[in-house]
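Here is the structure we will look at, set down as structure tokens.
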Amino acid sequence: MASTAIRQPAVPVASAARRKPARLWHIVVFLAPAALIYTAFLVLPLIATLQQSLFVAKGNAVVFAGLENFRRLFGDPHWSGQFWNALRNNLWFFVVNMCVQNPVGIGLAALLSAKKLRFRGAYRTAIFVPTILSFVIVGFSWELILSPLWGIAPHLLRLVGLRHWFAPWLGDAHTALTTLALVSVWQFIGIPMMLIYAALLNIPEEVLEAAEIDGLSGMAQFWKIKLPLIWPTIGIISILTFVGNFNAFDLIYVTQGALAGPNYSTDILGTFLYRTFFGFQLQEGDPHMGSAVATVMFFIILGGVSLYLFGIQRRLRRYQL
């Protein structure tokens with residue numbers, strides 16, 4: 001019995017060739033507005049900043065100086081002391097956020113994802129609300145709360161018998177930066193909580209049911225099943241925390257001013273950049289040196305993001321479903 005083969009109609013080569021340029025044209029049309037906006041507001045200012053950092057002002061003239069601004073920034077005592085102090089403070093600000101905000105966010109997400117918990121929506125809303133508040137509101141509110149004169153914090157501690165624990169934390173050079181970092185944690189704890197919460201809900205029920213059949217439930221199930229599956233999300237949250245903290249400025253400026261007191265103890269790269277570029281009080285602004293500071297900040301962030309994308313992210317892919 002002879003077998004009959006069904007022959008597919010051949011697609012003309014000319015029509016296929018015409019379809020590819022048309023598809024490419026649609027891609028260009030849809031991407032063009034976003035690409036133009038991105039180029040106008042991000043790429044061109046970045047290139048201008050990098051270019052400006054290579055020049056210095058001498059009198060009324062601007063001359064090319066190469067890496068002279070960076071040499072002064074790293075080696076000149078007038079600039080290097082402030083820069084290294086701001087960088088150390090920024091690293092500590094990031095470490096506090098990383099070690100407190102993300103673990104607490106993971107714990108809150110795990111707690112709120114419990115099916116037996118009532119009023120989960122209300123709890124999520126209450127935790128996320130500070131994230132949408134402006135830095136001005138958050139900064140002034142916590143200044144009032146922690147004020148030793150009219151703040152509510154000493155009175156609350158007195159009610160529970162811990163009044164002796166209170167200290168003017170924002171006015172002490174040893175505690176001001178850590179206090180502001182914890183305020184930042186309080187404000188942005190909702191972001192890792194919501195992202196981790198969404199990742200936990202995205203875990204297939206079949207995986208959890210199989211774990212329960214194998215005898216894993218409760219905390220054991222979280223540590224051995226859920227946590228490994230949300231590692232990619234934790235990695236994204238970590239790099240967002242890194243970028244956000246090394247771009248921080250508003251909270252320090254609102255609470256401690258441009259001088260980032262007391263005695264520059266809360267000075268980070270953002271406030272140092274502000275004083276260098278625009279000047280403050282007796283310090284004159286230097287746009288070229290300010291551009292050098294901004295360039296260093298850019299390469300610090302670029303280095304951290306590159307380390308994550310080409311190093312850590314590849315290892316986290318094994319945990320993706």
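Residue names in the structure tokens use chain letters A, B, ... in the order shown, residue numbers from 1 in each chain, and ligand numbers from 1 in the order shown.
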For the helix (DSSP H, G or I) assignment from backbone DSSP, which residues of range 124-305 of chain A qualify? Please present them as a PyMOL selection string. chain A and resi 124-132+135-145+153-159+163-165+169-171+176-188+190-201+205-213+218-229+231-246+250-256+269-278+287-305
With 12 Å as the cut-off and only C-alpha atoms counted, what is the closest atom pair between each nearby residue of range 78-113 of chain A and range 295-318 of chain A? Distances in Å to one decimal, ordered by chain and number, as CSV.
```
residue,atom,partner,partner_atom,distance
A:Phe83,CA,A:Val296,CA,10.3
A:Trp84,CA,A:Val296,CA,11.8
A:Ala86,CA,A:Met297,CA,11.2
A:Leu87,CA,A:Met297,CA,9.4
A:Asn90,CA,A:Met297,CA,10.7
A:Leu91,CA,A:Ile300,CA,11.1
```
Those selected residues, please, written with N, CA and C atoms and delivered as a CSV table (one decimal), in the first residue's frame.
```csv
chain,number,residue,atom,x,y,z
A,83,PHE,N,36.5,62.8,50.8
A,83,PHE,CA,36.1,61.8,49.9
A,83,PHE,C,36.1,60.4,50.5
A,84,TRP,N,37.2,60.1,51.2
A,84,TRP,CA,37.3,58.7,51.8
A,84,TRP,C,36.4,58.6,53.0
A,86,ALA,N,33.4,60.1,53.2
A,86,ALA,CA,32.1,59.9,52.6
A,86,ALA,C,32.0,58.5,52.0
A,87,LEU,N,33.0,58.0,51.4
A,87,LEU,CA,33.0,56.6,50.9
A,87,LEU,C,32.8,55.6,52.0
A,90,ASN,N,29.3,55.8,53.3
A,90,ASN,CA,28.4,55.2,52.3
A,90,ASN,C,28.4,53.7,52.4
A,91,LEU,N,29.6,53.1,52.5
A,91,LEU,CA,29.7,51.7,52.7
A,91,LEU,C,28.9,51.2,53.9
```
If I take CA of Phe278 in chain A and CA of Gly257 in chain A, how far is one from the other in Å, to one decimal?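 A separation of 13.9 Å between them.
You can rank A:Ile252, A:Thr49, A:Ala294, A:Ile191 by their closest distance to Phe128 in chain A using only C-alpha atoms, and at the top of that list sits A:Ile191.
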Show which residues sit within 8 Å of range 170-176 of chain A, as JSON, numbers by chain. Count only C-alpha atoms, and ignore same-chain residues fewer than 4 positions away. {"A": [143, 146, 180, 261, 262, 263, 265, 266]}
Between range 182-242 of chain A and range 108-124 of chain A, at 10 Å or less, what are the per-residue closest atom pairs and their distances in Å? Count only C-alpha atoms, order by chain and rising residue number, and return it as a tab-separated table.
```
residue	atom	partner	partner_atom	distance
A:Ile189	CA	A:Leu108	CA	9.2
A:Gly190	CA	A:Arg124	CA	7.8
A:Pro192	CA	A:Ala109	CA	8.2
A:Met193	CA	A:Ala109	CA	5.0
A:Met194	CA	A:Ala109	CA	6.9
A:Leu195	CA	A:Ala109	CA	8.3
A:Ile196	CA	A:Ala109	CA	5.9
A:Tyr197	CA	A:Ala109	CA	4.7
A:Ala198	CA	A:Ala109	CA	8.5
A:Ala199	CA	A:Ala109	CA	9.3
A:Leu200	CA	A:Ser113	CA	7.2
A:Leu201	CA	A:Ser113	CA	7.3
A:Gly218	CA	A:Ala114	CA	9.7
A:Met219	CA	A:Ala110	CA	9.7
A:Phe222	CA	A:Ala110	CA	8.1
A:Lys226	CA	A:Ala110	CA	9.3
A:Leu227	CA	A:Ala110	CA	9.6
```
Could you take the residues named above and write them with N, CA and C atoms, as a PDB file, in the first residue's frame?
```pdb
ATOM      1  N   ILE A 189      11.481  49.097  53.698  1.00  0.00           N
ATOM      2  CA  ILE A 189      11.343  47.667  53.978  1.00  0.00           C
ATOM      3  C   ILE A 189      10.212  47.051  53.149  1.00  0.00           C
ATOM      4  N   GLY A 190       9.272  47.892  52.697  1.00  0.00           N
ATOM      5  CA  GLY A 190       8.155  47.367  51.922  1.00  0.00           C
ATOM      6  C   GLY A 190       8.541  46.843  50.557  1.00  0.00           C
ATOM      7  N   PRO A 192      11.518  45.101  49.443  1.00  0.00           N
ATOM      8  CA  PRO A 192      11.900  43.678  49.454  1.00  0.00           C
ATOM      9  C   PRO A 192      10.774  42.783  49.947  1.00  0.00           C
ATOM     10  N   MET A 193       9.957  43.274  50.868  1.00  0.00           N
ATOM     11  CA  MET A 193       8.841  42.468  51.356  1.00  0.00           C
ATOM     12  C   MET A 193       7.883  42.119  50.231  1.00  0.00           C
ATOM     13  N   MET A 194       7.513  43.104  49.399  1.00  0.00           N
ATOM     14  CA  MET A 194       6.568  42.848  48.316  1.00  0.00           C
ATOM     15  C   MET A 194       7.171  41.980  47.227  1.00  0.00           C
ATOM     16  N   LEU A 195       8.448  42.214  46.883  1.00  0.00           N
ATOM     17  CA  LEU A 195       9.078  41.408  45.836  1.00  0.00           C
ATOM     18  C   LEU A 195       9.239  39.950  46.270  1.00  0.00           C
ATOM     19  N   ILE A 196       9.662  39.744  47.509  1.00  0.00           N
ATOM     20  CA  ILE A 196       9.803  38.375  48.011  1.00  0.00           C
ATOM     21  C   ILE A 196       8.428  37.719  48.153  1.00  0.00           C
ATOM     22  N   TYR A 197       7.443  38.488  48.585  1.00  0.00           N
ATOM     23  CA  TYR A 197       6.079  37.964  48.709  1.00  0.00           C
ATOM     24  C   TYR A 197       5.565  37.476  47.353  1.00  0.00           C
ATOM     25  N   ALA A 198       5.804  38.277  46.307  1.00  0.00           N
ATOM     26  CA  ALA A 198       5.381  37.862  44.963  1.00  0.00           C
ATOM     27  C   ALA A 198       6.133  36.621  44.507  1.00  0.00           C
ATOM     28  N   ALA A 199       7.426  36.546  44.832  1.00  0.00           N
ATOM     29  CA  ALA A 199       8.208  35.368  44.441  1.00  0.00           C
ATOM     30  C   ALA A 199       7.711  34.120  45.158  1.00  0.00           C
ATOM     31  N   LEU A 200       7.338  34.245  46.428  1.00  0.00           N
ATOM     32  CA  LEU A 200       6.826  33.091  47.173  1.00  0.00           C
ATOM     33  C   LEU A 200       5.496  32.619  46.600  1.00  0.00           C
ATOM     34  N   LEU A 201       4.642  33.565  46.211  1.00  0.00           N
ATOM     35  CA  LEU A 201       3.360  33.171  45.622  1.00  0.00           C
ATOM     36  C   LEU A 201       3.527  32.544  44.247  1.00  0.00           C
ATOM     37  N   GLY A 218       6.305  23.762  57.225  1.00  0.00           N
ATOM     38  CA  GLY A 218       6.707  24.820  58.145  1.00  0.00           C
ATOM     39  C   GLY A 218       8.058  25.422  57.782  1.00  0.00           C
ATOM     40  N   MET A 219       8.899  25.632  58.794  1.00  0.00           N
ATOM     41  CA  MET A 219      10.202  26.262  58.597  1.00  0.00           C
ATOM     42  C   MET A 219      11.126  25.393  57.766  1.00  0.00           C
ATOM     43  N   PHE A 222      10.394  26.054  54.254  1.00  0.00           N
ATOM     44  CA  PHE A 222      10.883  27.366  53.825  1.00  0.00           C
ATOM     45  C   PHE A 222      12.382  27.329  53.556  1.00  0.00           C
ATOM     46  N   LYS A 226      11.558  26.759  49.651  1.00  0.00           N
ATOM     47  CA  LYS A 226      11.186  28.101  49.227  1.00  0.00           C
ATOM     48  C   LYS A 226      12.382  29.029  49.098  1.00  0.00           C
ATOM     49  N   LEU A 227      13.251  29.040  50.098  1.00  0.00           N
ATOM     50  CA  LEU A 227      14.381  29.971  50.066  1.00  0.00           C
ATOM     51  C   LEU A 227      15.284  29.757  48.856  1.00  0.00           C
TER      52      LEU A 227
END
```
With a distance cut-off of 12 Å and only C-alpha atoms, select the neighbouring residues of Ile145 in chain A, excluding the residue or stretch itself and same-chain residues fewer than 3 positions from it, and output the selection as a PyMOL selection string. chain A and resi 138-142+148-157+166+168-170+183
Atoms kept (N, CA and C atoms) for selection, written as a short mmCIF file (atom, residue, chain, number, x, y, z; two decimals), in the first residue's frame:
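Wrote out.cif, looks like this:
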```
data_model
loop_
_atom_site.label_atom_id
_atom_site.label_comp_id
_atom_site.auth_asym_id
_atom_site.auth_seq_id
_atom_site.Cartn_x
_atom_site.Cartn_y
_atom_site.Cartn_z
N VAL A 138 9.47 61.92 55.80
CA VAL A 138 10.12 60.91 56.63
C VAL A 138 11.22 61.54 57.49
N GLY A 139 12.04 62.39 56.89
CA GLY A 139 13.14 63.00 57.63
C GLY A 139 12.67 63.87 58.77
N PHE A 140 11.74 64.79 58.50
CA PHE A 140 11.25 65.67 59.55
C PHE A 140 10.46 64.91 60.61
N SER A 141 9.73 63.87 60.19
CA SER A 141 8.96 63.09 61.17
C SER A 141 9.89 62.39 62.16
N TRP A 142 10.95 61.77 61.66
CA TRP A 142 11.86 61.08 62.57
C TRP A 142 12.70 62.05 63.38
N PRO A 148 15.29 64.95 71.69
CA PRO A 148 15.32 64.82 73.16
C PRO A 148 14.48 65.87 73.87
N LEU A 149 14.05 66.93 73.16
CA LEU A 149 13.28 68.00 73.80
C LEU A 149 11.79 67.77 73.71
N TRP A 150 11.28 67.51 72.49
CA TRP A 150 9.83 67.35 72.33
C TRP A 150 9.47 66.07 71.56
N GLY A 151 10.43 65.16 71.43
CA GLY A 151 10.15 63.92 70.72
C GLY A 151 9.33 62.95 71.54
N ILE A 152 8.67 62.03 70.83
CA ILE A 152 7.82 61.04 71.49
C ILE A 152 8.62 59.81 71.93
N ALA A 153 9.81 59.61 71.36
CA ALA A 153 10.59 58.42 71.67
C ALA A 153 10.96 58.31 73.14
N PRO A 154 11.48 59.38 73.78
CA PRO A 154 11.81 59.24 75.21
C PRO A 154 10.60 58.96 76.07
N HIS A 155 9.43 59.49 75.72
CA HIS A 155 8.23 59.24 76.50
C HIS A 155 7.76 57.79 76.36
N LEU A 156 7.87 57.23 75.13
CA LEU A 156 7.50 55.83 74.93
C LEU A 156 8.44 54.90 75.68
N LEU A 157 9.73 55.22 75.67
CA LEU A 157 10.67 54.39 76.41
C LEU A 157 10.44 54.49 77.92
N PHE A 166 17.46 55.87 76.11
CA PHE A 166 17.35 56.94 75.12
C PHE A 166 18.60 57.82 75.14
N PRO A 168 20.42 61.19 72.42
CA PRO A 168 20.22 62.00 71.19
C PRO A 168 20.97 61.38 70.02
N TRP A 169 20.39 60.30 69.49
CA TRP A 169 21.09 59.50 68.48
C TRP A 169 21.46 60.30 67.24
N LEU A 170 20.60 61.21 66.80
CA LEU A 170 20.92 62.00 65.61
C LEU A 170 21.96 63.07 65.89
N VAL A 183 16.44 54.33 59.78
CA VAL A 183 15.28 55.06 59.28
C VAL A 183 15.05 54.72 57.81
#
```
My list of candidates is A:Ser80, A:Asn89, A:Gln52, A:Thr233. Which is closest to Tyr264 in chain A when distances are computed with only C-alpha atoms? A:Asn89
